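J.: Structure file input.pdb (PDB, C-alpha atoms) is given on the next line.
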```pdb
ATOM      1  CA  MET A 227      -1.923   9.709   0.635
ATOM      2  CA  GLN A 228      -0.424  13.124   0.731
ATOM      3  CA  GLY A 229      -1.075  15.468  -2.137
ATOM      4  CA  LEU A 230      -3.654  13.335  -3.924
ATOM      5  CA  GLY A 231      -7.391  13.933  -3.832
ATOM      6  CA  TRP A 232      -9.811  11.348  -2.499
ATOM      7  CA  ILE A 233     -10.696   9.911  -5.906
ATOM      8  CA  ALA A 234      -7.040   9.715  -6.950
ATOM      9  CA  ALA A 235      -6.131   8.114  -3.611
ATOM     10  CA  ILE A 236      -8.786   5.436  -4.141
ATOM     11  CA  VAL A 237      -7.622   4.746  -7.701
ATOM     12  CA  VAL A 238      -3.917   4.661  -6.811
ATOM     13  CA  GLY A 239      -4.630   2.692  -3.625
ATOM     14  CA  GLY A 240      -6.712   0.154  -5.532
ATOM     15  CA  LEU A 241      -3.998  -0.368  -8.114
ATOM     16  CA  ALA A 242      -1.251  -0.564  -5.489
ATOM     17  CA  GLY A 243      -3.279  -2.994  -3.372
ATOM     18  CA  TRP A 244      -4.148  -5.165  -6.377
ATOM     19  CA  ILE A 245      -0.515  -5.335  -7.526
ATOM     20  CA  ALA A 246       0.640  -6.106  -3.969
ATOM     21  CA  SER A 247      -1.970  -8.839  -3.472
ATOM     22  CA  THR A 248      -0.989 -10.373  -6.817
ATOM     23  CA  PHE A 249       2.722 -10.124  -5.982
ATOM     24  CA  MET A 250       2.222 -11.611  -2.500
ATOM     25  CA  ARG A 251      -0.307 -14.202  -3.770
ATOM     26  CA  ALA A 252      -3.009 -13.050  -1.371
ATOM     27  CA  ASP A 253      -6.663 -13.663  -2.119
ATOM     28  CA  THR A 254      -8.251 -10.268  -1.536
ATOM     29  CA  GLY A 255     -11.217  -8.603  -3.146
ATOM     30  CA  LEU A 256     -11.657  -5.171  -4.676
ATOM     31  CA  VAL A 257     -12.504  -3.358  -1.438
ATOM     32  CA  ALA A 258      -9.662  -5.070   0.430
ATOM     33  CA  ASN A 259      -7.238  -4.077  -2.337
ATOM     34  CA  VAL A 260      -8.242  -0.423  -2.069
ATOM     35  CA  ILE A 261      -7.941  -0.520   1.721
ATOM     36  CA  LEU A 262      -4.583  -2.305   1.518
ATOM     37  CA  GLY A 263      -3.222   0.256  -0.926
ATOM     38  CA  ILE A 264      -4.410   3.316   0.990
ATOM     39  CA  VAL A 265      -3.460   2.055   4.447
ATOM     40  CA  GLY A 266      -0.205   0.699   3.029
ATOM     41  CA  ALA A 267       0.651   4.131   1.641
ATOM     42  CA  ILE A 268      -0.119   5.760   4.986
ATOM     43  CA  VAL A 269       2.044   3.251   6.878
ATOM     44  CA  ALA A 270       4.910   3.383   4.375
ATOM     45  CA  ASN A 271       4.867   7.209   4.234
ATOM     46  CA  PHE A 272       5.019   7.281   8.037
ATOM     47  CA  LEU A 273       7.939   4.838   8.136
ATOM     48  CA  LEU A 274       9.770   6.722   5.392
ATOM     49  CA  ARG A 275       9.358  10.013   7.262
ATOM     50  CA  LEU A 276      10.887   8.406  10.359
ATOM     51  CA  VAL A 277      14.110   7.873   8.424
ATOM     52  CA  GLY A 278      13.956  11.321   6.811
ATOM     53  CA  ILE A 279      12.570  10.447   3.371
ATOM     54  CA  ASN A 280       9.546  12.257   1.947
ATOM     55  CA  ALA A 281       7.897  10.632  -1.071
ATOM     56  CA  SER A 282       6.696  13.120  -3.649
ATOM     57  CA  PRO A 283       2.915  13.530  -3.900
ATOM     58  CA  THR A 284       2.671  12.165  -7.438
ATOM     59  CA  TRP A 285       0.617   9.203  -8.613
ATOM     60  CA  ILE A 286       3.648   7.054  -9.452
ATOM     61  CA  SER A 287       5.614   7.634  -6.262
ATOM     62  CA  GLN A 288       2.555   7.199  -4.056
ATOM     63  CA  GLY A 289       1.654   4.065  -6.014
ATOM     64  CA  LEU A 290       5.094   2.612  -5.303
ATOM     65  CA  VAL A 291       4.874   3.601  -1.646
ATOM     66  CA  GLY A 292       1.364   2.102  -1.454
ATOM     67  CA  PHE A 293       2.593  -1.119  -3.061
ATOM     68  CA  ALA A 294       5.477  -1.408  -0.586
ATOM     69  CA  GLY A 295       3.217  -0.632   2.350
ATOM     70  CA  ALA A 296       0.545  -3.094   1.215
ATOM     71  CA  CYS A 297       3.184  -5.830   0.860
ATOM     72  CA  LEU A 298       4.380  -4.990   4.374
ATOM     73  CA  ILE A 299       0.825  -5.245   5.738
ATOM     74  CA  ILE A 300       0.182  -8.578   3.985
ATOM     75  CA  TRP A 301       3.492  -9.925   5.298
ATOM     76  CA  GLY A 302       2.712  -8.713   8.828
ATOM     77  CA  ALA A 303      -0.761 -10.268   8.763
ATOM     78  CA  ARG A 304       0.725 -13.584   7.676
ATOM     79  CA  GLN A 305       3.255 -13.432  10.492
ATOM     80  CA  LEU A 306       0.528 -12.756  13.041
ATOM     81  CA  ARG A 307      -1.571 -15.650  11.749
ATOM     82  CA  GLY A 308       1.435 -17.961  11.822
ATOM     83  CA  ARG A 309       1.210 -18.811   8.145
TER      84      ARG A 309
END
```
Here is a file; write its structure as structure tokens.

T.:
Amino acid sequence: MQGLGWIAAIVVGGLAGWIASTFMRADTGLVANVILGIVGAIVANFLLRLVGINASPTWISQGLVGFAGACLIIWGARQLRGR
């Protein structure tokens, strides 16, 4: 997550991952939620930059980007598993 420190990235990533797993009805644990949120934010920031959009490095915007990215990762994993 750009602009956030490690502790803030873990907190925001955990919240984003938890909200995404609740929204997508995925059974994931605490560690998986943090990973989903952080990796989701990285993936979503990358995809947004490809289309010329830079998310601001604030907690709220990175939380929203992490949520969107985590939902995208959960959806992609379900598609790969054929579920």

J.: Do you know which residues are at most 7 Å from range 289-299 of chain A counting only C-alpha atoms, after dropping those on the same chain fewer than 5 positions away, and could you put them as number ranges by chain?

T.: A: 238-239, 242-243, 245-246, 250, 262-264, 266-267, 269-271

J.: Once the PyMOL selection byres ((chain A and resi 236) around 10) has been evaluated on this model, what residues remain selected, and can you format them as a PyMOL selection string?

T.: chain A and resi 227+230-235+237-242+257+259-261+263-264

J.: Please report the interatomic distance between CA of Ser282 in chain A and CA of Ser247 in chain A in Å with one decimal.

T.: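 Straight-line distance from CA of Ser282 in chain A to CA of Ser247 in chain A works out to 23.6 Å.
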
J.: Quick one, how far is CA of Leu306 in chain A from CA of Gln288 in chain A?

T.: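 Separation between CA of Leu306 in chain A and CA of Gln288 in chain A: 26.4 Å.
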
J.: Quick one: pull the distance between CA of Leu256 in chain A and CA of Trp244 in chain A, Å, one decimal.

T.: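 Between CA of Leu256 in chain A and CA of Trp244 in chain A the gap works out to 7.7 Å.
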